[in-house]
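Input: a single structure, listed below in structure tokens.
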Amino acid sequence: MIKFQNVNKYFDSFHAVKDVSFQVRKGETLVFLGSSGSGKTTVLKMINRLVDTSSGVIEIDGENIRDKEPIQLRRSIGYVIQSISLFPHMTIEENVTLVPRLIGWSDSERRKRAAEVLQLVGLEPHDFCNRYPDELSGGQQQRIGVARALAADPETLLMDEPFGALDAVTRELLQQELLDIKKRLQKTIIFVTHDIFEAFTLADRIAVMHEGRLEQIGTKEEIIVSPASAFVEELLASPKKHLQEFKRAL
Amino acid sequence: MMSVEFVAERLPELIIRIREHLFLTGVSVGIAVFFGIPVGIFIVKSKWLRTMVFSFAGIVQTVPSLAMLAILLTVTGKIGVVPAIISLVLYALLPIIQNTVTGFENVSSSLLEASEGMGMTRKQQIRLVTIPIAMPVIIAGIKTSAVISVGIATLSAFIGAGGLGEFVNRGLSLADNRLIMLGAVPAALLALYVSFSISSFAWGMDSRKRRHIPVLSGNSGLVVSVLPLVLLIFIGVGGTMYDQSQDEDTKVIRIGSKNFTEQMILAELMAQLIENSTDLEVERKFNLGGTMICHDALLAGEIDLYPEYTGTALLAILKSKNRPSSAENVYELVKKEYLEKFGFEWLYPFGFNNTYALAVRKEDGRDNNWQTISDL
């Protein structure tokens with residue numbers, strides 16, 4: 001379980017995250033929804049201590065993450081980011097098994113694990129292990145990104161707009177695969193996006209962020225039925241309108 | 001044209017010179033790599049430091065090589081290998097530092113963020129991500145440095161550091177194009193080979209390029225790719241043999257000379273005379289760049305003796321305003337001032353005179369009735 005208690009973050013004088021508190025249950029997918037600059041990525045990066053809090057407490061399974069070694073902490077959490085961040089000089093197999101390598105798995109263990117996680121994200125290990133990232137399509141590359149985050153079997157995955165750069169069809173496909181993986185592996189996933197439909201597709205609960213504040217956190221139904229602020233209402237207004245127009249056209 | 005016999009006759013010396021040349025280049029580039037890469041890594045983050053280092057290295061780069069050698073001779077008080085290597089290192093540093101910085105800048109911030117987020121330590125980031133991605137660019141910088149060094153090392157012969165420049169110097173003083181070519185052509189070929197061997201090494205480091213050739217895709221490919229470089233180092237190590245310092249106990253007299261025929265003959269005459277009439281051992285440090293280099297070498301105690309001209313001493317070294325009326329008076333004046341200024345002793349004159357004479361067309365001389373310089 002991940003728990004934020006009155007967390008604040010200042011970058012110099014800029015108040016990026018304002019008094020945020022929430023909890024993520026084990027096996028839950030929490031999606032942070034917000035526009036750029038809303039503080040959602042900063043919240044994500046505070047969990048693996050790429051960014052440290054200015055005040056407040058973050059706990060994982062009851063332990064303050066400030067008491068943990070950042071390097072060890074990061075190795076125990078899967079991390080996927082939007083930009084193509086595979087290492088261009090490493091083969092797919094080397095990319096995927098990087099964290100296991102950092103924590104000292106043997107060669108044979110790593111090879112076996114690479115095959116497992118590649119299959120998990122729907123890629124045939126035999127076809128991909130010895131290839132290099134730039135020989136793969138964008139969708140394949142991001143699958144590798146997910147496989148890499150899963151390689152050391154972490155309990156938690158942090159995903160920062162991982163499918164943002166993909167075309168709509170591929171994005172849809174990867175979203176479904178992620179749901180499938182989640183169902184099978186029971187990972188806790190914290191996912192950041194600005195795409196409201198992506199949020200509704202993936203989330204168990206949605207956390208809406210705006211200008212550093214957590215506007216509302218709740219299930220899809222709660223968000224739709226009782227928006228907690230004017231901002232959340234406004235956020236839903238535009239998709240609602242589009243949906244009505246779409247229905248009329250049908 | 002250069003005949004086969006001409007080369008064959010000089011082959012043993014050619015081999016020694018190539019080794020000396022490789023030794024100078026190899027040691028210099030080695031030192032430049034050892035310092036240049038860490039300096040590059042150190043300054044990559046700071047714009048201010050970068051500007052400082054690049055300005056300094058850029059200024060060094062613009063100093064003419066010969067001037068650099070002369071400056072270092074004065075600074076280090078030595079002739080030979082030490083100032084030669086220092087100057088080569090200074091020239092080799094800029095491309096290496098520059099390419100290290102460029103190579104590191106090539107590593108995108110998102111890759112660094114991903115590697116940090118995955119739990120790499122700062123050291124692991126450098127070892128597993130930054131260096132492998134920057135390496136091809138850094139190696140290209142090393143290659144540039146090495147090729148430049150092979151060229152500049154040719155000039156090291158002016159301060160008695162040996163190398164293929166010896167042939168060029170000798171060829172220049174004797175106006176013998178074949179000798180110049182004997183230095184220049186191997187130097188050019190050497191530069192090409194150095195470039196090739198480093199490229200080969202770079203290819204070997206890149207397992208991705210090698211995987212297309214199945215025989216070379218494993219470690220065997222890496223081994224094959226470094227062979228040219230290993231050969232180079234192997235040959236160059238032979239060059240270390242030439243600079244063995246003399247045993248402290250044997251009495252050695254070091255004789256220098258300037259870089260033209262007459263000087264070398266005079267110096268050789270002295271050397272043979274000393275060898276035949278004393279039990280001193282003579283170390284010949286002939287063919288040094290010019291008057292100032294010989295003089296500085298004598299001041300620095302790098303040589304003990306060299307032939308000098310009273311006129312040159314008066315005008316070039318003492319820069320005296322006095323114009324004594326006869327050769328004897330010039331000798332007396334120079335002898336006195338040298339002892340006062342430098343503590344140098346002028347020995348008894350050789351007894352030969354190389355006074356200047358003017359050459360004119362016969363008709364001009366007859367028509368104008370020129371007999372002495374004063375008639376002009």
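Going through the structure tokens in order, the chains are called A, B, and so on, while each chain numbers its residues from 1 and the ligands are numbered from 1 in the order shown.
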Self-check item: DSSP-assigned strand (DSSP E) members of segment 35-229 of chain A, reported as an MDAnalysis selection string
Solution: chainID A and resid 55:60 63:64 77:81 156:160 188:193 205:210 213:218
The selected residues should be written to file as a JSON list (two decimals), in the first residue's frame (atoms: N, CA and C atoms).
[["chain", "number", "residue", "atom", "x", "y", "z"],
["A", 55, "SER", "N", 7.69, 18.71, 2.01],
["A", 55, "SER", "CA", 7.15, 18.39, 3.33],
["A", 55, "SER", "C", 6.11, 17.30, 3.18],
["A", 56, "GLY", "N", 5.70, 16.70, 4.29],
["A", 56, "GLY", "CA", 4.75, 15.59, 4.23],
["A", 56, "GLY", "C", 5.47, 14.25, 4.20],
["A", 57, "VAL", "N", 4.68, 13.18, 4.24],
["A", 57, "VAL", "CA", 5.25, 11.85, 4.35],
["A", 57, "VAL", "C", 4.67, 10.94, 3.27],
["A", 58, "ILE", "N", 5.56, 10.13, 2.66],
["A", 58, "ILE", "CA", 5.10, 9.09, 1.74],
["A", 58, "ILE", "C", 5.52, 7.75, 2.32],
["A", 59, "GLU", "N", 4.54, 6.86, 2.45],
["A", 59, "GLU", "CA", 4.84, 5.53, 3.00],
["A", 59, "GLU", "C", 4.53, 4.46, 1.97],
["A", 60, "ILE", "N", 5.39, 3.44, 1.94],
["A", 60, "ILE", "CA", 5.06, 2.25, 1.16],
["A", 60, "ILE", "C", 5.02, 1.10, 2.16],
["A", 63, "GLU", "N", 6.14, 1.99, 5.60],
["A", 63, "GLU", "CA", 7.51, 2.45, 5.83],
["A", 63, "GLU", "C", 7.72, 3.78, 5.12],
["A", 64, "ASN", "N", 8.25, 4.77, 5.83],
["A", 64, "ASN", "CA", 8.55, 6.06, 5.21],
["A", 64, "ASN", "C", 9.63, 5.87, 4.16],
["A", 77, "ILE", "N", 10.78, -0.92, -7.83],
["A", 77, "ILE", "CA", 9.57, -0.38, -8.44],
["A", 77, "ILE", "C", 9.76, -0.30, -9.95],
["A", 78, "GLY", "N", 8.78, -0.80, -10.72],
["A", 78, "GLY", "CA", 8.88, -0.70, -12.17],
["A", 78, "GLY", "C", 8.60, 0.71, -12.64],
["A", 79, "TYR", "N", 9.32, 1.15, -13.70],
["A", 79, "TYR", "CA", 9.18, 2.55, -14.12],
["A", 79, "TYR", "C", 9.14, 2.60, -15.65],
["A", 80, "VAL", "N", 8.06, 3.17, -16.18],
["A", 80, "VAL", "CA", 7.92, 3.29, -17.64],
["A", 80, "VAL", "C", 7.65, 4.75, -17.96],
["A", 81, "ILE", "N", 8.43, 5.31, -18.90],
["A", 81, "ILE", "CA", 8.16, 6.71, -19.28],
["A", 81, "ILE", "C", 7.81, 6.81, -20.76],
["A", 156, "THR", "N", 4.99, -2.83, -7.63],
["A", 156, "THR", "CA", 4.37, -1.59, -8.10],
["A", 156, "THR", "C", 4.97, -1.16, -9.44],
["A", 157, "LEU", "N", 4.09, -0.66, -10.32],
["A", 157, "LEU", "CA", 4.55, -0.09, -11.58],
["A", 157, "LEU", "C", 4.19, 1.40, -11.61],
["A", 158, "LEU", "N", 5.16, 2.24, -11.94],
["A", 158, "LEU", "CA", 4.88, 3.64, -12.17],
["A", 158, "LEU", "C", 4.92, 3.88, -13.67],
["A", 159, "MET", "N", 3.83, 4.42, -14.23],
["A", 159, "MET", "CA", 3.81, 4.61, -15.68],
["A", 159, "MET", "C", 3.45, 6.05, -16.01],
["A", 160, "ASP", "N", 4.40, 6.75, -16.64],
["A", 160, "ASP", "CA", 4.23, 8.17, -16.92],
["A", 160, "ASP", "C", 3.89, 8.38, -18.39],
["A", 188, "THR", "N", 0.25, -3.41, -8.44],
["A", 188, "THR", "CA", -0.27, -2.07, -8.12],
["A", 188, "THR", "C", 0.28, -1.14, -9.20],
["A", 189, "ILE", "N", -0.63, -0.41, -9.86],
["A", 189, "ILE", "CA", -0.16, 0.45, -10.95],
["A", 189, "ILE", "C", -0.56, 1.88, -10.69],
["A", 190, "ILE", "N", 0.42, 2.77, -10.78],
["A", 190, "ILE", "CA", 0.10, 4.20, -10.71],
["A", 190, "ILE", "C", 0.44, 4.78, -12.08],
["A", 191, "PHE", "N", -0.58, 5.32, -12.71],
["A", 191, "PHE", "CA", -0.51, 5.65, -14.13],
["A", 191, "PHE", "C", -0.82, 7.13, -14.30],
["A", 192, "VAL", "N", -0.03, 7.82, -15.10],
["A", 192, "VAL", "CA", -0.25, 9.26, -15.33],
["A", 192, "VAL", "C", -0.67, 9.47, -16.77],
["A", 193, "THR", "N", -1.72, 10.25, -16.97],
["A", 193, "THR", "CA", -2.14, 10.55, -18.35],
["A", 193, "THR", "C", -2.90, 11.87, -18.38],
["A", 205, "ARG", "N", -9.46, 3.54, -9.80],
["A", 205, "ARG", "CA", -9.84, 4.85, -9.30],
["A", 205, "ARG", "C", -9.07, 5.91, -10.07],
["A", 206, "ILE", "N", -9.67, 7.10, -10.12],
["A", 206, "ILE", "CA", -9.03, 8.20, -10.85],
["A", 206, "ILE", "C", -8.73, 9.32, -9.85],
["A", 207, "ALA", "N", -7.54, 9.92, -10.01],
["A", 207, "ALA", "CA", -7.20, 11.08, -9.20],
["A", 207, "ALA", "C", -7.02, 12.26, -10.15],
["A", 208, "VAL", "N", -7.87, 13.28, -9.98],
["A", 208, "VAL", "CA", -7.80, 14.43, -10.88],
["A", 208, "VAL", "C", -6.90, 15.49, -10.25],
["A", 209, "MET", "N", -5.89, 15.93, -11.00],
["A", 209, "MET", "CA", -4.97, 16.94, -10.50],
["A", 209, "MET", "C", -5.15, 18.23, -11.29],
["A", 210, "HIS", "N", -5.04, 19.37, -10.58],
["A", 210, "HIS", "CA", -5.10, 20.66, -11.27],
["A", 210, "HIS", "C", -4.27, 21.66, -10.50],
["A", 213, "ARG", "N", -3.00, 20.78, -7.08],
["A", 213, "ARG", "CA", -3.93, 20.27, -6.08],
["A", 213, "ARG", "C", -4.58, 18.98, -6.55],
["A", 214, "LEU", "N", -4.87, 18.10, -5.60],
["A", 214, "LEU", "CA", -5.66, 16.92, -5.91],
["A", 214, "LEU", "C", -7.13, 17.32, -5.80],
["A", 215, "GLU", "N", -7.79, 17.48, -6.96],
["A", 215, "GLU", "CA", -9.16, 17.98, -6.97],
["A", 215, "GLU", "C", -10.15, 16.94, -6.46],
["A", 216, "GLN", "N", -9.96, 15.71, -6.92],
["A", 216, "GLN", "CA", -10.88, 14.66, -6.51],
["A", 216, "GLN", "C", -10.22, 13.31, -6.71],
["A", 217, "ILE", "N", -10.50, 12.37, -5.82],
["A", 217, "ILE", "CA", -10.04, 11.00, -6.04],
["A", 217, "ILE", "C", -11.23, 10.08, -5.81],
["A", 218, "GLY", "N", -11.49, 9.19, -6.77],
["A", 218, "GLY", "CA", -12.65, 8.31, -6.60],
["A", 218, "GLY", "C", -12.79, 7.37, -7.78]]
Practice problem: Might you pull out every residue within 9 Å of Pro38 of chain B, with only C-alpha atoms counted and same-chain residues fewer than 5 positions away left off, and present them as JSON, numbers by chain? | Solution: {"B": [33, 43, 97, 100]}
Can you write out the residues you just picked, keeping N, CA and C atoms, as an mmCIF file, in the first residue's frame?
data_model
loop_
_atom_site.group_PDB
_atom_site.id
_atom_site.type_symbol
_atom_site.label_atom_id
_atom_site.label_comp_id
_atom_site.auth_asym_id
_atom_site.auth_seq_id
_atom_site.Cartn_x
_atom_site.Cartn_y
_atom_site.Cartn_z
ATOM 1 N N VAL B 33 44.820 10.906 -23.574
ATOM 2 C CA VAL B 33 43.579 10.177 -23.313
ATOM 3 C C VAL B 33 43.351 10.082 -21.800
ATOM 4 N N ILE B 43 34.022 18.646 -17.121
ATOM 5 C CA ILE B 43 33.557 19.980 -17.516
ATOM 6 C C ILE B 43 32.229 19.943 -18.258
ATOM 7 N N ILE B 97 39.240 16.150 -25.521
ATOM 8 C CA ILE B 97 38.316 16.800 -24.582
ATOM 9 C C ILE B 97 37.024 17.184 -25.302
ATOM 10 N N THR B 100 34.882 14.201 -26.105
ATOM 11 C CA THR B 100 34.301 13.631 -24.892
ATOM 12 C C THR B 100 33.056 14.427 -24.500
#
Restrict the calculation to only C-alpha atoms, then for each residue of chain A with any atom at most 6 Å from an atom of chain B give the closest atom pair and their distance in Å to one decimal, rows by chain and rising residue number, as a Markdown table.
| residue | atom | partner | partner_atom | distance |
| --- | --- | --- | --- | --- |
| A:Ile71 | CA | B:Gly119 | CA | 4.7 |
| A:Arg74 | CA | B:Gly119 | CA | 4.7 |
| A:Arg75 | CA | B:Gly119 | CA | 4.8 |
| A:Ser85 | CA | B:Leu111 | CA | 5.1 |
Restrict the selected residues to N, CA and C atoms and save them as a short mmCIF file (atom, residue, chain, number, x, y, z; two decimals), in the first residue's frame.
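To be explicit, this is the file written out as out30.cif:
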data_model
loop_
_atom_site.label_atom_id
_atom_site.label_comp_id
_atom_site.auth_asym_id
_atom_site.auth_seq_id
_atom_site.Cartn_x
_atom_site.Cartn_y
_atom_site.Cartn_z
N ILE A 71 18.33 4.17 -4.38
CA ILE A 71 18.72 3.22 -5.43
C ILE A 71 17.96 1.90 -5.26
N ARG A 74 14.21 2.33 -6.03
CA ARG A 74 13.89 2.39 -7.46
C ARG A 74 13.96 1.03 -8.12
N ARG A 75 14.92 0.22 -7.68
CA ARG A 75 15.05 -1.11 -8.27
C ARG A 75 13.86 -2.01 -7.93
N SER A 85 12.73 5.39 -24.29
CA SER A 85 13.87 5.43 -23.38
C SER A 85 14.56 4.08 -23.28
#
Quiz item: In Å, how far is it from atom CA of Thr278 of chain B to atom CA of Ile253 of chain B?
Solution: 10.7 Å
Quiz item: What's the 12 Å shell around Phe54 of chain B, counting only C-alpha atoms, without same-chain residues fewer than 5 positions away, as a PyMOL selection string?
Solution: chain B and resi 36+39-40+43-44+47-49+59-61+93-99+101
Output file for the residues above (N, CA and C atoms, as a PDB file, in the first residue's frame):
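part_20.pdb, written as the output of this step:
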ATOM      1  N   GLY B  36      42.576  13.708 -20.805  1.00  0.00           N
ATOM      2  CA  GLY B  36      41.551  14.400 -21.592  1.00  0.00           C
ATOM      3  C   GLY B  36      40.145  13.908 -21.303  1.00  0.00           C
ATOM      4  N   VAL B  39      38.887  15.036 -17.877  1.00  0.00           N
ATOM      5  CA  VAL B  39      38.648  16.482 -17.924  1.00  0.00           C
ATOM      6  C   VAL B  39      37.348  16.757 -18.682  1.00  0.00           C
ATOM      7  N   GLY B  40      37.164  16.077 -19.807  1.00  0.00           N
ATOM      8  CA  GLY B  40      35.933  16.245 -20.589  1.00  0.00           C
ATOM      9  C   GLY B  40      34.703  15.917 -19.761  1.00  0.00           C
ATOM     10  N   ILE B  43      34.022  18.646 -17.121  1.00  0.00           N
ATOM     11  CA  ILE B  43      33.557  19.980 -17.516  1.00  0.00           C
ATOM     12  C   ILE B  43      32.229  19.943 -18.258  1.00  0.00           C
ATOM     13  N   VAL B  44      31.706  18.736 -18.537  1.00  0.00           N
ATOM     14  CA  VAL B  44      30.531  18.652 -19.393  1.00  0.00           C
ATOM     15  C   VAL B  44      29.326  19.365 -18.776  1.00  0.00           C
ATOM     16  N   LYS B  47      29.063  25.117 -17.944  1.00  0.00           N
ATOM     17  CA  LYS B  47      29.305  25.925 -19.130  1.00  0.00           C
ATOM     18  C   LYS B  47      30.541  26.799 -18.940  1.00  0.00           C
ATOM     19  N   TRP B  48      30.657  27.314 -17.727  1.00  0.00           N
ATOM     20  CA  TRP B  48      31.764  28.211 -17.410  1.00  0.00           C
ATOM     21  C   TRP B  48      33.110  27.494 -17.549  1.00  0.00           C
ATOM     22  N   LEU B  49      33.207  26.299 -16.929  1.00  0.00           N
ATOM     23  CA  LEU B  49      34.438  25.517 -17.007  1.00  0.00           C
ATOM     24  C   LEU B  49      34.762  25.150 -18.450  1.00  0.00           C
ATOM     25  N   ILE B  59      43.842  28.058 -27.594  1.00  0.00           N
ATOM     26  CA  ILE B  59      45.033  28.901 -27.700  1.00  0.00           C
ATOM     27  C   ILE B  59      46.265  28.026 -27.919  1.00  0.00           C
ATOM     28  N   VAL B  60      46.364  26.956 -27.121  1.00  0.00           N
ATOM     29  CA  VAL B  60      47.493  26.031 -27.268  1.00  0.00           C
ATOM     30  C   VAL B  60      47.577  25.525 -28.704  1.00  0.00           C
ATOM     31  N   GLN B  61      46.407  25.202 -29.246  1.00  0.00           N
ATOM     32  CA  GLN B  61      46.339  24.642 -30.598  1.00  0.00           C
ATOM     33  C   GLN B  61      46.887  25.612 -31.655  1.00  0.00           C
ATOM     34  N   LEU B  93      45.317  17.073 -26.699  1.00  0.00           N
ATOM     35  CA  LEU B  93      44.247  17.187 -25.702  1.00  0.00           C
ATOM     36  C   LEU B  93      42.937  17.730 -26.273  1.00  0.00           C
ATOM     37  N   LEU B  94      43.017  18.777 -27.101  1.00  0.00           N
ATOM     38  CA  LEU B  94      41.784  19.462 -27.515  1.00  0.00           C
ATOM     39  C   LEU B  94      40.774  18.541 -28.201  1.00  0.00           C
ATOM     40  N   PRO B  95      41.178  17.791 -29.251  1.00  0.00           N
ATOM     41  CA  PRO B  95      40.168  16.937 -29.892  1.00  0.00           C
ATOM     42  C   PRO B  95      39.574  15.910 -28.931  1.00  0.00           C
ATOM     43  N   ILE B  96      40.386  15.422 -28.003  1.00  0.00           N
ATOM     44  CA  ILE B  96      39.890  14.401 -27.086  1.00  0.00           C
ATOM     45  C   ILE B  96      38.886  15.003 -26.108  1.00  0.00           C
ATOM     46  N   ILE B  97      39.240  16.150 -25.521  1.00  0.00           N
ATOM     47  CA  ILE B  97      38.316  16.800 -24.582  1.00  0.00           C
ATOM     48  C   ILE B  97      37.024  17.184 -25.302  1.00  0.00           C
ATOM     49  N   GLN B  98      37.199  17.772 -26.486  1.00  0.00           N
ATOM     50  CA  GLN B  98      36.039  18.249 -27.227  1.00  0.00           C
ATOM     51  C   GLN B  98      35.081  17.100 -27.557  1.00  0.00           C
ATOM     52  N   ASN B  99      35.636  15.998 -28.058  1.00  0.00           N
ATOM     53  CA  ASN B  99      34.759  14.886 -28.438  1.00  0.00           C
ATOM     54  C   ASN B  99      34.162  14.190 -27.223  1.00  0.00           C
ATOM     55  N   VAL B 101      33.190  15.748 -24.534  1.00  0.00           N
ATOM     56  CA  VAL B 101      32.051  16.595 -24.174  1.00  0.00           C
ATOM     57  C   VAL B 101      30.887  16.362 -25.150  1.00  0.00           C
TER      58      VAL B 101
END
Quiz prompt | Spatial neighbours of Ser257 of chain B, 12 Å, only C-alpha atoms, chain gap at least 2 places, as a PyMOL selection string | solution = chain B and resi 158-160+254-255+259-271+283-295+297-298+303-309
Hey, can you spit out that residue selection with C-alpha atoms as a PDB file, in the first residue's frame?
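Output (part.pdb):
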ATOM      1  CA  PHE B 158      64.436  19.692 -34.136  1.00  0.00           C
ATOM      2  CA  ILE B 159      64.950  19.323 -30.416  1.00  0.00           C
ATOM      3  CA  GLY B 160      66.721  16.010 -30.608  1.00  0.00           C
ATOM      4  CA  ARG B 254      77.401  15.332 -24.548  1.00  0.00           C
ATOM      5  CA  ILE B 255      78.133  17.179 -27.747  1.00  0.00           C
ATOM      6  CA  ASN B 259      71.104  21.609 -37.885  1.00  0.00           C
ATOM      7  CA  PHE B 260      73.399  22.090 -40.847  1.00  0.00           C
ATOM      8  CA  THR B 261      76.189  20.113 -42.407  1.00  0.00           C
ATOM      9  CA  GLU B 262      79.144  22.226 -41.289  1.00  0.00           C
ATOM     10  CA  GLN B 263      78.010  22.085 -37.667  1.00  0.00           C
ATOM     11  CA  MET B 264      77.558  18.359 -37.752  1.00  0.00           C
ATOM     12  CA  ILE B 265      80.976  17.843 -39.267  1.00  0.00           C
ATOM     13  CA  LEU B 266      82.599  20.091 -36.650  1.00  0.00           C
ATOM     14  CA  ALA B 267      80.736  18.335 -33.869  1.00  0.00           C
ATOM     15  CA  GLU B 268      81.669  14.932 -35.255  1.00  0.00           C
ATOM     16  CA  LEU B 269      85.341  16.009 -35.468  1.00  0.00           C
ATOM     17  CA  MET B 270      85.236  16.993 -31.813  1.00  0.00           C
ATOM     18  CA  ALA B 271      83.514  13.769 -30.899  1.00  0.00           C
ATOM     19  CA  GLU B 283      76.924  11.217 -26.517  1.00  0.00           C
ATOM     20  CA  ARG B 284      76.034  12.862 -29.838  1.00  0.00           C
ATOM     21  CA  LYS B 285      73.066  15.209 -29.740  1.00  0.00           C
ATOM     22  CA  PHE B 286      73.522  16.637 -33.181  1.00  0.00           C
ATOM     23  CA  ASN B 287      71.132  18.400 -35.495  1.00  0.00           C
ATOM     24  CA  LEU B 288      69.323  20.471 -32.875  1.00  0.00           C
ATOM     25  CA  GLY B 289      66.972  23.135 -34.242  1.00  0.00           C
ATOM     26  CA  GLY B 290      69.216  26.228 -34.251  1.00  0.00           C
ATOM     27  CA  THR B 291      71.366  28.635 -32.297  1.00  0.00           C
ATOM     28  CA  MET B 292      68.893  29.348 -29.515  1.00  0.00           C
ATOM     29  CA  ILE B 293      68.072  25.693 -29.003  1.00  0.00           C
ATOM     30  CA  CYS B 294      71.763  24.803 -28.709  1.00  0.00           C
ATOM     31  CA  HIS B 295      72.405  27.714 -26.384  1.00  0.00           C
ATOM     32  CA  ALA B 297      70.449  23.241 -24.081  1.00  0.00           C
ATOM     33  CA  LEU B 298      73.900  24.276 -22.922  1.00  0.00           C
ATOM     34  CA  ILE B 303      74.705  19.279 -23.572  1.00  0.00           C
ATOM     35  CA  ASP B 304      78.262  20.100 -22.550  1.00  0.00           C
ATOM     36  CA  LEU B 305      79.719  21.394 -25.785  1.00  0.00           C
ATOM     37  CA  TYR B 306      78.742  22.644 -29.221  1.00  0.00           C
ATOM     38  CA  PRO B 307      80.477  24.580 -31.981  1.00  0.00           C
ATOM     39  CA  GLU B 308      79.540  28.274 -32.006  1.00  0.00           C
ATOM     40  CA  TYR B 309      80.614  31.257 -34.069  1.00  0.00           C
TER      41      TYR B 309
END
Self-check item: Surrounding residues of Ala359 of chain B excluding itself and chain neighbours under 6 positions, 12 Å, only C-alpha atoms, as a ChimeraX atom specification
Solution: /B:365,370-373
Those same residues, written as a short mmCIF file (atom, residue, chain, number, x, y, z; two decimals), in the first residue's frame with C-alpha atoms?
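Saved file selection_12.cif follows:
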data_model
loop_
_atom_site.label_atom_id
_atom_site.label_comp_id
_atom_site.auth_asym_id
_atom_site.auth_seq_id
_atom_site.Cartn_x
_atom_site.Cartn_y
_atom_site.Cartn_z
CA GLY B 365 81.68 43.75 -60.43
CA TRP B 370 83.64 46.55 -56.63
CA GLN B 371 86.59 45.26 -54.62
CA THR B 372 85.35 45.27 -51.01
CA ILE B 373 81.96 45.48 -49.28
#
Quiz item: Neighbours of segment 68-83 of chain B within 7 Å (only C-alpha atoms; same-chain residues fewer than 2 positions away dropped), as a VMD selection string?
Solution: chain B and resid 63 to 66 85 to 87 159 to 161 293 296 to 297 300 302
Self-check item: Length of the atom CA of Arg148 of chain A to atom CA of Asp61 of chain A vector [Å]
Solution: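 Calculated distance between atom CA of Arg148 of chain A and atom CA of Asp61 of chain A is 23.7 Å.
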Quiz item: DSSP on the backbone: what in segment 125-251 of chain B comes out alpha helix (DSSP H), as a ChimeraX atom specification?
Solution: /B:131-153,165-174,177-205,207-210,219-238
Quiz item: Nearest to Val17 of chain A among A:Ala249, A:Val51, A:Ile65, A:Ala237, with distances taken over only C-alpha atoms: which residue is it?
Solution: A:Val51
Practice problem: Within 8 Å of Arg49 of chain A, counting only C-alpha atoms, which residues show up once you throw out same-chain ones fewer than 3 positions away? Write them as a list in words, please. | Solution: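 Neighbouring residues, sequence-local ones excluded: Lys45, Met46, Asp52, Ile65, Pro70, Leu73 and Arg74 of chain A.
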Quiz item: Quick one: distance from atom CA of Leu33 of chain A to atom CA of Gly62 of chain A in Å, one decimal?
Solution: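 Atom-to-atom, atom CA of Leu33 of chain A to atom CA of Gly62 of chain A, that is 25.6 Å.
Minimum distance to Ile196 of chain A across A:Ala115, A:Ile224, A:Cys129, A:Leu179 (counting only C-alpha atoms) occurs at A:Ile224.
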